[in-house]
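*Asks:* For reference, the structure I am asking about is given below.
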Number of protein chains: 2
Amino acid sequence: MFFEGSEKKATIVIDSEQLSLLNDVSDDFWSQLVQRSDAHILSSIKNNDCKAFLLSESSLFVWHDRLLIITCGSTRLVRAVEYFIQKMGVDTVQQIIYQRKNEYFAHAQSSTFGDDIKLLNHYITGKAHRFGELDNHHNYIFHHDNGVHASSNDKTYELLAYQISKKASDKLTSSGLTTKEIREFLQLEQLFSDFILDDFVFDPFGYSINAINGQQYLTIHVTPQENSSYVSIGSNVNLIKLAPRFLSILSPKSFDLLSFNEADFSEFTATFIPKNYVATALVNQQLNSNYLVCFANYIMPQQAFSPATNIDLLAQSHAL
Amino acid sequence: MFFEGSEKKATIVIDSEQLSLLNDVSDDFWSQLVQRSDAHILSSIKNNDCKAFLLSESSLFVWHDRLLIITCGSTRLVRAVEYFIQKMGVDTVQQIIYQRKNEYFAHAQSSTFGDDIKLLNHYITGKAHRFGELDNHHNYIFHHDNGVHASSNDKTYELLAYQISKKASDKLTSSGLTTKEIREFLQLEQLFSDFILDDFVFDPFGYSINAINGQQYLTIHVTPQENSSYVSIGSNVNLIKLAPRFLSILSPKSFDLLSFNEADFSEFTATFIPKNYVATALVNQQLNSNYLVCFANYIMPQQAFSPATNIDLLAQSHAL
C-alpha cells in the first residue's frame, strides 16, 4: 500500500475587524469547508485563541484572524480555499498562501499545482515560486499579491522527515499501538507540556496530533511504513531549535526545513542541525507580501550499500 | 516549457543462433517498433557489430543478439517491447530488462511503471526492484526471471547529470548552436576518437548523439534548460572512469551512476568520483538473472542560499 504523505497547505488571513473566524463562524461551516477538500473532521480542541480540528487527512487550525489547513493523500485542498472565498467574499481575505510539496505518486493526484493556481486565479492574483530543485525535494508556494504586508512576527516552521530509521518505523507500525505510546516515543508531553493535545492512531498505521497553547500550535502527521516513511511537523514554535530532538528520535535519511519570517534561519541551522547531515538545497526568497521564506533540504551521506527494495507488483501496480 | 528528460529503457537479449537482429531484421521493422512507443527514427549509423538509430526521443541500438532502446518525454516504450515480443515470438527472447527512472512530471505520463509491468506480464514473468529511496532519485527495474543467466562481461553504465552549471546550460541553450560546437564543448571527439558519431540538435534546444565502435556504444541526451536541466549518458564503456571529465564540463548539482555487472563499482567510485560530491544513495542488488546492479546518487553540498525559482503560471500551469 502506498500513501501520499506530501501535503498541500493553505494559510488564509482575514481582516479581523470585520469578523472573528474563531468566534463568529460555526463548526458546520468548517465541516463543510473540510469536506470540499475530500477530508472530514475527526475531533477538535479549543482555547481562547485557537481551535484545532484533527482531520481524516491532516489538520485545520482556526484563529481570530486566520486559518491554516493542511491535507495530504489525494485530497483537493484548493476546493476548501475556493469555498472559503465564495462564502466569506474575496474582500474579507487579506492574504492567501497556497503551498504544495512535490509528490511521489503525482499521477494519482486529481490536480497539479498549476491546475490549483488556475482555479485560485478566478478569484485572486498572485505569484508563485519553486523552492528547491526539480530533481530534489521542493515546495511550490503561491501567494496573493495584493499589497498587504505580513507582520514580521508571523513566524512558522516546518520540519519534514523522510525515510526514518528502521527502529522508528518498526515502533510506529507495530500493531495495537496507543496514542499514549506514540506521544511517549515522540517525547511530546515533555516537549510541549503546556499544550492541549488531541491525537489519533489510524488503522493499520499512521498517527496525527494537534496541540495548542494560547496562539501557539503544533501539528504532526506520521506515515510510518518502511521504504516510504514520512513525518511532517508544523508549528509556530521554533522547530529548528527542536530539530536535534526530533532528528535523534526519528533518524531520517533526509529532512526539509521550511520557515516563514525566520530572519535568523542561517544562524539557527548552523547552531542546531547535527553535523552528520549536509545541505543539498538552501533557498531563500522575500515574497512581495513581505514574507521571508527559507527552505533547506539535508541528507545523511551514505557510506555503505543497501539492497534494492523489492516491488510487489500485484499490490503496488496502481501506485508506481 | 517543460520536458520530461527521465528515460524509460529496455534491453532485450535473444538467442542469436536463431536469428541475427542486426542482419536478419529490416529497418522497416525497427521503424514500426519505434513508432509503437510514439517516437520516430531521425537517422542511423552502422558497423559490422551494431546499428544505432537516433530517435526523436532518444535512441535504439541493435546488435546481433540484443537491442537497447531508450526513450524519454511522454513516450510509451513498453509498447515497443510488446511489439517485439508479438512479432518475434516470446520463445526468441532470452532476457528483457525494463527500466524507468522516477519522473518529474509523472502526471503527464500515459502510464506508470506498474501499468507497464502489468502489460509485460501478459507475455513474461519477472521481478521488480526499486533502486534508491522514494523521496530521492530512483530507478525501477524489472527483469525477466526465466533461469537464463547474463554473462558477467555484459557490463553497461549510466551517468545521469542533473542541474548542470549555469555556464553549461547557457552554452547548450544558445541559439544557432551546431553539432560541432556541442561535440567540442562535451569533448566527444577527444574522448571517443575511434567512434562513428551521429548527432542532432533539436529546436529550440536539446541534443542527442549516438556513437559506435565495434560492439561499443555511447549515447548522450541533453535537456539543457536552466532549472530543469538533465544530461543522460549511457555506454558499455566504463563511465565511472570518465565521470571526472563529464563532471568537470557539466558541473551538475547532482548525478546518478547506474551499472550492470560492474563488480568493482565501489573501487571505481572511490577512485574516480570527485570529493566535492557526497553519496546520498548507494544500492546494489544481484538480480536472479545474475546481473549485479549498482546505483548511486551523489550531490554537491550547498553552502550558500539561492533565490527561489519564479514560476510562470501561464506558461507552465499544465506542467506543475
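Please note that chains go A, B, ... in the order of the C-alpha cells, that every chain numbers its residues from 1, and that ligands are numbered from 1 in the order shown.
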Which residues come within 9 Å of Gly214 of chain A, counting only C-alpha atoms, excluding same-chain residues fewer than 3 positions away, as a list in words?

*Replies:*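 In the requested form, the answer reads Asn47, Asn48, Asp49, Cys50, Phe195 and Tyr217 of chain A.
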
*Asks:* Would you save the residues of that selection, restricted to C-alpha atoms, as a short mmCIF file (atom, residue, chain, number, x, y, z; two decimals), in the first residue's frame?

*Replies:*
```cif
data_model
loop_
_atom_site.label_atom_id
_atom_site.label_comp_id
_atom_site.auth_asym_id
_atom_site.auth_seq_id
_atom_site.Cartn_x
_atom_site.Cartn_y
_atom_site.Cartn_z
CA ASN A 47 -8.74 27.55 23.79
CA ASN A 48 -9.44 31.32 23.73
CA ASP A 49 -7.11 31.93 20.80
CA CYS A 50 -7.34 28.89 18.61
CA PHE A 195 -0.17 22.29 25.31
CA TYR A 217 0.17 25.40 17.58
#
```

*Asks:* Using only C-alpha atoms, what table do you get, as CSV, when you list each residue of segment 106-223 of chain A with an atom no more than 10 Å from segment 264-285 of chain A, its nearest pair of atoms, and their distance in Å rounded to one decimal, rows by chain then rising number?

*Replies:*
```
residue,atom,partner,partner_atom,distance
A:His129,CA,A:Gln285,CA,8.9
A:Arg130,CA,A:Val283,CA,9.5
A:Phe131,CA,A:Val283,CA,6.2
A:Gly132,CA,A:Ala281,CA,6.2
A:Glu133,CA,A:Ala281,CA,7.6
A:Asn136,CA,A:Ala281,CA,8.1
A:His137,CA,A:Ala281,CA,8.4
A:His138,CA,A:Ala281,CA,9.1
```

*Asks:* For the interface of chain B with chain A (cut-off 8 Å, counting only C-alpha atoms), please tabulate each contacting residue of chain B alongside its nearest pair of atoms and their separation in Å to one decimal, rows sorted by chain and increasing number, as a tab-separated table.

*Replies:*
```
residue	atom	partner	partner_atom	distance
B:Tyr104	CA	A:Asp135	CA	6.9
B:Phe105	CA	A:Ala106	CA	7.6
B:Ala106	CA	A:His107	CA	5.4
B:His107	CA	A:His107	CA	3.9
B:Ala108	CA	A:His107	CA	7.5
B:Gln109	CA	A:His107	CA	7.7
B:Thr112	CA	A:Leu320	CA	5.6
B:Phe113	CA	A:Leu320	CA	5.4
B:Gly114	CA	A:Ser317	CA	3.9
B:Asp115	CA	A:Ser317	CA	6.1
B:Ile117	CA	A:Leu313	CA	7.7
B:Lys118	CA	A:Ser317	CA	7.3
B:Lys127	CA	A:Ile311	CA	7.7
B:Ala128	CA	A:Ile311	CA	5.3
B:His129	CA	A:Asn310	CA	4.6
B:Arg130	CA	A:Thr309	CA	5.0
B:Phe131	CA	A:Ala308	CA	5.0
B:Gly132	CA	A:Ala308	CA	7.2
B:Glu133	CA	A:Asn227	CA	6.9
B:Leu134	CA	A:Ser228	CA	6.2
B:Asp135	CA	A:Tyr104	CA	6.9
B:Asn136	CA	A:Asn136	CA	6.8
B:His137	CA	A:Asp135	CA	7.3
B:Tyr162	CA	A:Asp135	CA	7.2
B:Gln163	CA	A:Glu133	CA	7.8
B:Asn227	CA	A:Glu133	CA	6.9
B:Ser228	CA	A:Leu134	CA	6.2
B:Val278	CA	A:Pro301	CA	6.2
B:Ala279	CA	A:Pro301	CA	5.5
B:Thr280	CA	A:Pro301	CA	5.0
B:Ala281	CA	A:Gln302	CA	5.9
B:Leu282	CA	A:Phe305	CA	4.7
B:Val283	CA	A:Ser306	CA	4.8
B:Asn284	CA	A:Pro307	CA	5.3
B:Gln285	CA	A:Pro307	CA	5.4
B:Ile299	CA	A:Thr280	CA	6.7
B:Met300	CA	A:Thr280	CA	6.8
B:Pro301	CA	A:Thr280	CA	5.0
B:Gln302	CA	A:Thr280	CA	5.4
B:Gln303	CA	A:Ala279	CA	7.4
B:Ala304	CA	A:Leu282	CA	6.6
B:Phe305	CA	A:Leu282	CA	4.7
B:Ser306	CA	A:Val283	CA	4.8
B:Pro307	CA	A:Asn284	CA	5.3
B:Ala308	CA	A:Phe131	CA	5.0
B:Thr309	CA	A:Arg130	CA	5.0
B:Asn310	CA	A:His129	CA	4.6
B:Ile311	CA	A:His129	CA	5.1
B:Asp312	CA	A:Ala128	CA	7.5
B:Leu313	CA	A:Gly114	CA	6.7
B:Gln316	CA	A:Gly114	CA	7.0
B:Ser317	CA	A:Gly114	CA	3.9
B:His318	CA	A:Gly114	CA	6.1
B:Ala319	CA	A:Gly114	CA	7.0
B:Leu320	CA	A:Gly114	CA	5.1
```

*Asks:* Within 9 Å of Ser56 of chain B, counting only C-alpha atoms, which residues show up once you throw out same-chain ones fewer than 2 positions away? Write them as a PyMOL selection string, please.

*Replies:* chain B and resi 39-42+54+58-59+71+202

*Asks:* Give me a file of those residues, with N, CA and C atoms, as a tab-separated table (two decimals), in the first residue's frame.

*Replies:*
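Output saved as again-v2.tsv:
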```
chain	number	residue	atom	x	y	z
B	39	ALA	N	7.65	7.42	-30.85
B	39	ALA	CA	8.83	8.16	-31.31
B	39	ALA	C	9.03	7.82	-32.80
B	40	HIS	N	10.01	8.45	-33.43
B	40	HIS	CA	10.35	8.05	-34.80
B	40	HIS	C	11.86	8.17	-35.02
B	41	ILE	N	12.32	7.47	-36.07
B	41	ILE	CA	13.76	7.44	-36.36
B	41	ILE	C	14.17	8.69	-37.12
B	42	LEU	N	15.27	9.33	-36.67
B	42	LEU	CA	15.80	10.50	-37.36
B	42	LEU	C	16.93	10.12	-38.31
B	54	LEU	N	19.19	7.11	-34.18
B	54	LEU	CA	18.89	8.29	-33.38
B	54	LEU	C	17.39	8.54	-33.51
B	58	SER	N	15.36	10.09	-28.03
B	58	SER	CA	16.46	9.22	-27.59
B	58	SER	C	16.94	8.22	-28.65
B	59	SER	N	17.13	6.94	-28.31
B	59	SER	CA	17.97	6.07	-29.15
B	59	SER	C	17.56	4.60	-29.16
B	71	THR	N	13.86	5.75	-24.45
B	71	THR	CA	13.01	6.86	-24.90
B	71	THR	C	12.67	7.75	-23.70
B	202	PHE	N	18.21	19.72	-31.44
B	202	PHE	CA	16.76	19.94	-31.50
B	202	PHE	C	16.43	21.42	-31.41
```

*Asks:* So what do you get for atom CA of Glu7 of chain B versus atom CA of Val34 of chain B, distance-wise?

*Replies:*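 We find that atom CA of Glu7 of chain B and atom CA of Val34 of chain B lie 14.6 Å from each other.
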
*Asks:* Write out as a list in words each polymer residue whose atoms come within 10 Å of Ser259 of chain B, counting only C-alpha atoms; drop sequence neighbours fewer than 4 positions from it.

*Replies:*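 Counting only C-alpha atoms, the residues come to Lys155, Thr156, Tyr157, Glu158, Leu159, Gly234, Ser235, Asn236, Asn238, Leu239, Ile240, Ala263, Phe265, Asn284, Tyr291, Leu292, Val293, Cys294, Phe295 and Ala296 of chain B.
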
*Asks:* Between B:Thr178, B:Ser16, B:Asn23, B:Gln187, which one has atoms that come closest to Ile249 of chain B, using only C-alpha atoms?

*Replies:*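 Distance minimum relative to Ile249 of chain B lands on B:Gln187.
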
*Asks:* List every residue of segment 58-300 of chain A that DSSP, applied to the backbone of this structure, places in strand (DSSP E), and write the result as an NGL selection string.

*Replies:* :A and (58-63 or 66-71 or 93-101 or 126-131 or 139-144 or 156-162 or 196-201 or 207-213 or 216-223 or 230-235 or 254-260 or 278-286 or 292-299)

*Asks:* Would you put the residues from that selection into a file with C-alpha atoms, as a PDB file, in the first residue's frame?

*Replies:*
```pdb
ATOM      1  CA  SER A  58      -4.213  16.135   8.478  1.00  0.00           C
ATOM      2  CA  SER A  59      -5.397  19.330  10.220  1.00  0.00           C
ATOM      3  CA  LEU A  60      -7.269  22.627  10.318  1.00  0.00           C
ATOM      4  CA  PHE A  61      -6.374  25.428  12.754  1.00  0.00           C
ATOM      5  CA  VAL A  62      -8.580  28.481  13.185  1.00  0.00           C
ATOM      6  CA  TRP A  63      -7.549  31.683  14.994  1.00  0.00           C
ATOM      7  CA  ARG A  66      -6.522  33.390  10.164  1.00  0.00           C
ATOM      8  CA  LEU A  67      -6.775  29.736   9.367  1.00  0.00           C
ATOM      9  CA  LEU A  68      -4.262  27.103   8.446  1.00  0.00           C
ATOM     10  CA  ILE A  69      -5.375  23.957   6.668  1.00  0.00           C
ATOM     11  CA  ILE A  70      -3.121  21.061   5.771  1.00  0.00           C
ATOM     12  CA  THR A  71      -4.259  17.993   3.862  1.00  0.00           C
ATOM     13  CA  VAL A  93      -9.386  37.992   2.531  1.00  0.00           C
ATOM     14  CA  GLN A  94      -6.135  39.840   3.214  1.00  0.00           C
ATOM     15  CA  GLN A  95      -3.718  37.084   2.278  1.00  0.00           C
ATOM     16  CA  ILE A  96      -3.719  33.580   0.899  1.00  0.00           C
ATOM     17  CA  ILE A  97      -0.660  31.400   0.784  1.00  0.00           C
ATOM     18  CA  TYR A  98      -1.119  28.132  -1.053  1.00  0.00           C
ATOM     19  CA  GLN A  99       1.618  25.554  -0.964  1.00  0.00           C
ATOM     20  CA  ARG A 100       2.251  22.088  -2.383  1.00  0.00           C
ATOM     21  CA  LYS A 101       5.182  19.818  -1.789  1.00  0.00           C
ATOM     22  CA  GLY A 126      -0.582  36.327  -7.136  1.00  0.00           C
ATOM     23  CA  LYS A 127       2.890  34.992  -7.740  1.00  0.00           C
ATOM     24  CA  ALA A 128       4.353  31.522  -7.483  1.00  0.00           C
ATOM     25  CA  HIS A 129       7.829  30.216  -6.756  1.00  0.00           C
ATOM     26  CA  ARG A 130       9.505  26.875  -6.542  1.00  0.00           C
ATOM     27  CA  PHE A 131      11.749  26.377  -3.507  1.00  0.00           C
ATOM     28  CA  ASN A 139       7.829  23.196  -2.491  1.00  0.00           C
ATOM     29  CA  TYR A 140       5.630  25.244  -4.779  1.00  0.00           C
ATOM     30  CA  ILE A 141       4.365  28.358  -2.996  1.00  0.00           C
ATOM     31  CA  PHE A 142       1.749  30.749  -4.360  1.00  0.00           C
ATOM     32  CA  HIS A 143       0.915  33.972  -2.565  1.00  0.00           C
ATOM     33  CA  HIS A 144      -1.771  36.561  -3.068  1.00  0.00           C
ATOM     34  CA  THR A 156       6.015  29.492  11.154  1.00  0.00           C
ATOM     35  CA  TYR A 157       8.165  26.416  10.708  1.00  0.00           C
ATOM     36  CA  GLU A 158       8.004  23.015   9.071  1.00  0.00           C
ATOM     37  CA  LEU A 159      10.273  20.076   9.716  1.00  0.00           C
ATOM     38  CA  LEU A 160       9.647  17.228   7.269  1.00  0.00           C
ATOM     39  CA  ALA A 161      11.470  13.962   7.876  1.00  0.00           C
ATOM     40  CA  TYR A 162      11.860  11.229   5.222  1.00  0.00           C
ATOM     41  CA  ILE A 196      -3.629  20.741  25.000  1.00  0.00           C
ATOM     42  CA  LEU A 197      -3.191  17.604  22.884  1.00  0.00           C
ATOM     43  CA  ASP A 198      -5.565  15.821  20.509  1.00  0.00           C
ATOM     44  CA  ASP A 199      -4.323  12.783  18.631  1.00  0.00           C
ATOM     45  CA  PHE A 200      -5.423   9.758  16.645  1.00  0.00           C
ATOM     46  CA  VAL A 201      -3.919   6.448  15.544  1.00  0.00           C
ATOM     47  CA  TYR A 207      -0.678   8.986  13.519  1.00  0.00           C
ATOM     48  CA  SER A 208      -1.827  12.606  13.733  1.00  0.00           C
ATOM     49  CA  ILE A 209      -1.647  15.047  16.599  1.00  0.00           C
ATOM     50  CA  ASN A 210      -2.755  18.656  17.054  1.00  0.00           C
ATOM     51  CA  ALA A 211      -1.556  20.668  20.030  1.00  0.00           C
ATOM     52  CA  ILE A 212      -2.360  24.232  21.071  1.00  0.00           C
ATOM     53  CA  ASN A 213      -1.232  26.604  23.809  1.00  0.00           C
ATOM     54  CA  GLN A 216       0.858  28.508  19.610  1.00  0.00           C
ATOM     55  CA  TYR A 217       0.175  25.399  17.581  1.00  0.00           C
ATOM     56  CA  LEU A 218       1.910  22.173  16.727  1.00  0.00           C
ATOM     57  CA  THR A 219       0.764  19.516  14.278  1.00  0.00           C
ATOM     58  CA  ILE A 220       2.453  16.229  13.478  1.00  0.00           C
ATOM     59  CA  HIS A 221       1.461  13.657  10.877  1.00  0.00           C
ATOM     60  CA  VAL A 222       3.211  10.327  10.690  1.00  0.00           C
ATOM     61  CA  THR A 223       3.241   7.981   7.671  1.00  0.00           C
ATOM     62  CA  TYR A 230       7.386  10.474   6.214  1.00  0.00           C
ATOM     63  CA  VAL A 231       6.858  12.574   9.326  1.00  0.00           C
ATOM     64  CA  SER A 232       5.645  16.139   8.934  1.00  0.00           C
ATOM     65  CA  ILE A 233       5.850  18.607  11.810  1.00  0.00           C
ATOM     66  CA  GLY A 234       4.407  22.118  11.557  1.00  0.00           C
ATOM     67  CA  SER A 235       4.377  24.819  14.227  1.00  0.00           C
ATOM     68  CA  SER A 254      16.719  13.188   4.732  1.00  0.00           C
ATOM     69  CA  PHE A 255      14.712  16.146   6.030  1.00  0.00           C
ATOM     70  CA  ASP A 256      13.447  19.551   4.937  1.00  0.00           C
ATOM     71  CA  LEU A 257      13.177  22.758   6.921  1.00  0.00           C
ATOM     72  CA  LEU A 258      10.843  25.473   5.741  1.00  0.00           C
ATOM     73  CA  SER A 259      10.196  28.712   7.579  1.00  0.00           C
ATOM     74  CA  PHE A 260       8.195  31.879   7.041  1.00  0.00           C
ATOM     75  CA  VAL A 278      24.697  18.005   4.786  1.00  0.00           C
ATOM     76  CA  ALA A 279      22.593  20.579   2.950  1.00  0.00           C
ATOM     77  CA  THR A 280      21.612  19.653  -0.598  1.00  0.00           C
ATOM     78  CA  ALA A 281      19.371  22.725  -1.012  1.00  0.00           C
ATOM     79  CA  LEU A 282      19.391  26.204   0.531  1.00  0.00           C
ATOM     80  CA  VAL A 283      16.849  28.652  -0.852  1.00  0.00           C
ATOM     81  CA  ASN A 284      15.512  31.937   0.470  1.00  0.00           C
ATOM     82  CA  GLN A 285      13.177  34.465  -1.037  1.00  0.00           C
ATOM     83  CA  GLN A 286      11.354  37.564   0.172  1.00  0.00           C
ATOM     84  CA  LEU A 292      10.714  35.804   4.029  1.00  0.00           C
ATOM     85  CA  VAL A 293      10.581  32.134   3.052  1.00  0.00           C
ATOM     86  CA  CYS A 294      13.584  29.878   3.730  1.00  0.00           C
ATOM     87  CA  PHE A 295      13.888  26.295   2.560  1.00  0.00           C
ATOM     88  CA  ALA A 296      16.605  23.738   3.157  1.00  0.00           C
ATOM     89  CA  ASN A 297      16.992  20.048   2.493  1.00  0.00           C
ATOM     90  CA  TYR A 298      19.502  17.977   4.404  1.00  0.00           C
ATOM     91  CA  ILE A 299      20.624  14.413   3.838  1.00  0.00           C
TER      92      ILE A 299
END
```
